[in-house]
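These notes are about the structure you will find just below.
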Amino acid sequence: MATPIEERGYAHPDVLVSTDWVEQHLKDPNVRVIESNEDTLLYASGHVPGAVHVDWTTDLNDQIRRDYITREGFEALMSKIGATNDTTVVFYGDKNNWWACYAFWVFQLFGHTKAKVMDGGRLKWEKEKRAMSRDIPTYAKTKYSAKDRLDAPHRAYRDDVQAHLRTQGQLVDVRSPEEYAGTRMHMPDYPNEGALRGGHIPGAKSVPWAKAINPDEGTFKPAADLKKLYLEDNQLSPDKATIAYCRIGERSSHTWFALKYLLGFSNIRNYDGSWTEWGNMVGVPIEK
Amino acid sequence: MPEKLQKVIDMFQMFDPADRTDMLLSYADQFQDVPPEIARRPFPKSHQVPQCESDAYVWAQKQADGTMTFYFAVENPSGISAKALATILDKTLSGLPASEIATVNCDIVEQIFRQNISMGKGMGLMAMVNAVQALARAAASNP
């Protein structure tokens, strides 16, 4: 019998699990639940029992260069959270799973494909009044053997985007309409992070990331709704090479997840340099 | 800077990140919702703090002796930081004259939260301080 998530018609429904599923696997030694938030206080204020915290700034990013951790860093992280190569990691977090999807995406750079996202994230778990804990779990350190980071299948650099432009590849700008239009240089209610120019990459379709979710409970919309949004209304094809971007690659990792796993886009990459890079580069084309 | 608030800031300055997190949670745990005699849901938008993703509201009452009392609501269940800040503002500013409260500025947010201030919430927390300051200024200018 199909689960409610399977009934939504996604291309790869196995990457999305329900809050029920997570609750049933809280003591499963082969599952590690990971909370990733924007708000660094949230995990400490209460989390899914047994969940570990992976912070996007301190755990996933290089602390000097603008880049992600190395293979050695990823191995150390996985060892610290008690995950082996066979552990299924399940991400959830605030902001309708922005940061959960971002962490999921970084994990894919290291080829850890036993990874899932808890549909609805922290919002749904809390709304359902499921158990929360302030206990920080400790797991025995593991010996994790990571592959070298392989960016190419999932990550686009600026040169990739410029080459993509020349071949008229699909681009999805997931920022707010005001950022896309260049009338606003930052997310609503967020500080300006320093882009010198406003607008969007030429040819990019404007599909704000949040259109993919049900705002009341943070769950992904069913495939039919997503198809209408991305394929019909915005004329994107799942078979064409596609790059998603936002400001630093966090909102666009949410869209990357939706397009790759829920709609089955075969060649979708996340441009994490995003507008904070493109909007500062000399000589690149910009549309308003 | 009001003395009680300065003491709290000085205390946060001494903390390491883990202690700061614990102390912020402790303040959040002490948060008290606006009493029904002051406001009932649905709260009027005129009391909503702009730019605050935690859906924070603030009210002020000026007492006969010229001092002020603040009340807060935080509607987003994930608004832990907003609850912590509301508690700090209430504990350190309620009971002071409006003119003294009006000197507080939003720099205190960075001084209190440090590494716990994230991109999205910093603006909202500063807006909470600005809202309190605006209420104090309005009260001070209407003796």
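Chain labels A, B, ... are given in the sequence in which chains occur in the structure tokens; within each chain residues are numbered consecutively from 1, and ligands are likewise numbered from 1 in the order shown.
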Val58 of chain B surroundings by only C-alpha atoms, 12 Å radius, close-in-sequence under 5 positions cut, as JSON, numbers by chain: {"B": [33, 34, 35, 38, 39, 43, 44, 45, 46, 47, 48, 49, 50, 52, 69, 70, 71, 72, 73, 74, 75, 82, 83, 85, 86, 87, 89, 90, 127, 128, 129, 130, 131, 132, 133, 134, 135, 136]}
Keeping only C-alpha atoms, write those residues as a short mmCIF file (atom, residue, chain, number, x, y, z; two decimals), in the first residue's frame.
data_model
loop_
_atom_site.label_atom_id
_atom_site.label_comp_id
_atom_site.auth_asym_id
_atom_site.auth_seq_id
_atom_site.Cartn_x
_atom_site.Cartn_y
_atom_site.Cartn_z
CA ASP B 33 2.69 36.36 27.39
CA VAL B 34 0.83 39.67 27.41
CA PRO B 35 -1.97 39.39 30.01
CA ILE B 38 -3.78 44.36 28.23
CA ALA B 39 -4.52 42.61 24.91
CA PHE B 43 -3.73 41.26 18.38
CA PRO B 44 -4.00 44.54 16.52
CA LYS B 45 -1.42 44.98 13.78
CA SER B 46 -0.58 48.39 15.24
CA HIS B 47 1.30 46.59 18.02
CA GLN B 48 3.13 44.15 15.75
CA VAL B 49 6.89 44.58 15.48
CA PRO B 50 7.74 45.17 11.83
CA CYS B 52 10.08 40.35 12.99
CA THR B 69 5.66 48.71 31.91
CA PHE B 70 6.14 46.61 28.80
CA TYR B 71 4.22 43.55 27.63
CA PHE B 72 5.05 41.23 24.78
CA ALA B 73 3.59 38.43 22.70
CA VAL B 74 5.56 36.13 20.42
CA GLU B 75 3.28 34.16 18.15
CA ALA B 82 12.34 36.98 20.47
CA LYS B 83 11.07 35.52 23.76
CA LEU B 85 14.90 39.42 24.23
CA ALA B 86 11.37 40.30 25.33
CA THR B 87 12.09 38.91 28.79
CA LEU B 89 13.71 44.06 27.95
CA ASP B 90 10.84 43.59 30.39
CA ALA B 127 13.12 46.04 15.36
CA MET B 128 11.84 44.87 18.77
CA VAL B 129 14.28 47.20 20.51
CA ASN B 130 13.35 50.02 18.17
CA ALA B 131 9.67 49.44 18.91
CA VAL B 132 10.30 49.68 22.65
CA GLN B 133 12.38 52.79 22.14
CA ALA B 134 9.66 54.37 20.01
CA LEU B 135 7.00 53.69 22.65
CA ALA B 136 9.28 55.20 25.31
#
Contact set, chain B to chain A: 12 Å, only C-alpha atoms, as a PyMOL selection string: chain B and resi 17-29+49-54+76-84+113-127
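The smallest atom-to-atom distance between Ala98 of chain B and any of B:Pro36, B:Met14, B:Pro2, B:Ile9, using only C-alpha atoms, is found for B:Pro2.
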Surrounding residues of Ala224 of chain A excluding itself and chain neighbours under 2 positions, 10 Å, only C-alpha atoms, as a ChimeraX atom specification: /A:8-10,221-222,226-229,231,263
Strand (DSSP E or B) per DSSP on the backbone: members of segment 101-133 of chain A, as number ranges by chain: A: 115-118, 133
Contacts of segment 274-282 of chain A within 9 Å, only C-alpha atoms, excl. fewer than 4 positions in-chain, as a list in words: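 What passes the distance filter is Tyr157, Arg158, Glu193, Gly194, Ala195, Leu196, Arg197, Gly198, Gly199, His200, Ile201, Ala244, Tyr245, Cys246, Arg247, Ile248, Gly249, Ser252, Asn270 and Ile286 of chain A.
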Close residues, Phe104 of chain A itself excluded, 8 Å, only C-alpha atoms, min 5 positions apart in chain, as a ChimeraX atom specification: /A:91,115-117
Non-local contacts of Gly203 of chain A (8 Å; only C-alpha atoms; under 6 positions in same chain excluded) as JSON, numbers by chain: {"A": [168, 170, 171, 287]}
Atom CA of Met1 of chain B to atom CA of Met68 of chain B, distance in Å rounded to a single decimal: 15.8 Å
Distance in Å - atom CA of Ala156 of chain A versus atom CA of Tyr271 of chain A: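 So the two atoms, atom CA of Ala156 of chain A and atom CA of Tyr271 of chain A, lie 4.6 Å apart.
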Given only C-alpha atoms as the counted atoms, nearest of B:Ala138, B:Ile101, B:Gln30, B:Ile112 to Phe15 of chain B: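 Closest to Phe15 of chain B of all the choices is B:Ile112.
Between atom CA of Gly111 of chain A and atom CA of Arg166 of chain A lies a distance of 29.1 Å.
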Selection: 9 Å around segment 129-131 of chain A, only C-alpha atoms, excl. self and same-chain fewer than 4 positions, as a list in words: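 The residues satisfying every condition are Thr19, Glu23, His47, Val48, Pro49, Lys124 and Trp125 of chain A.
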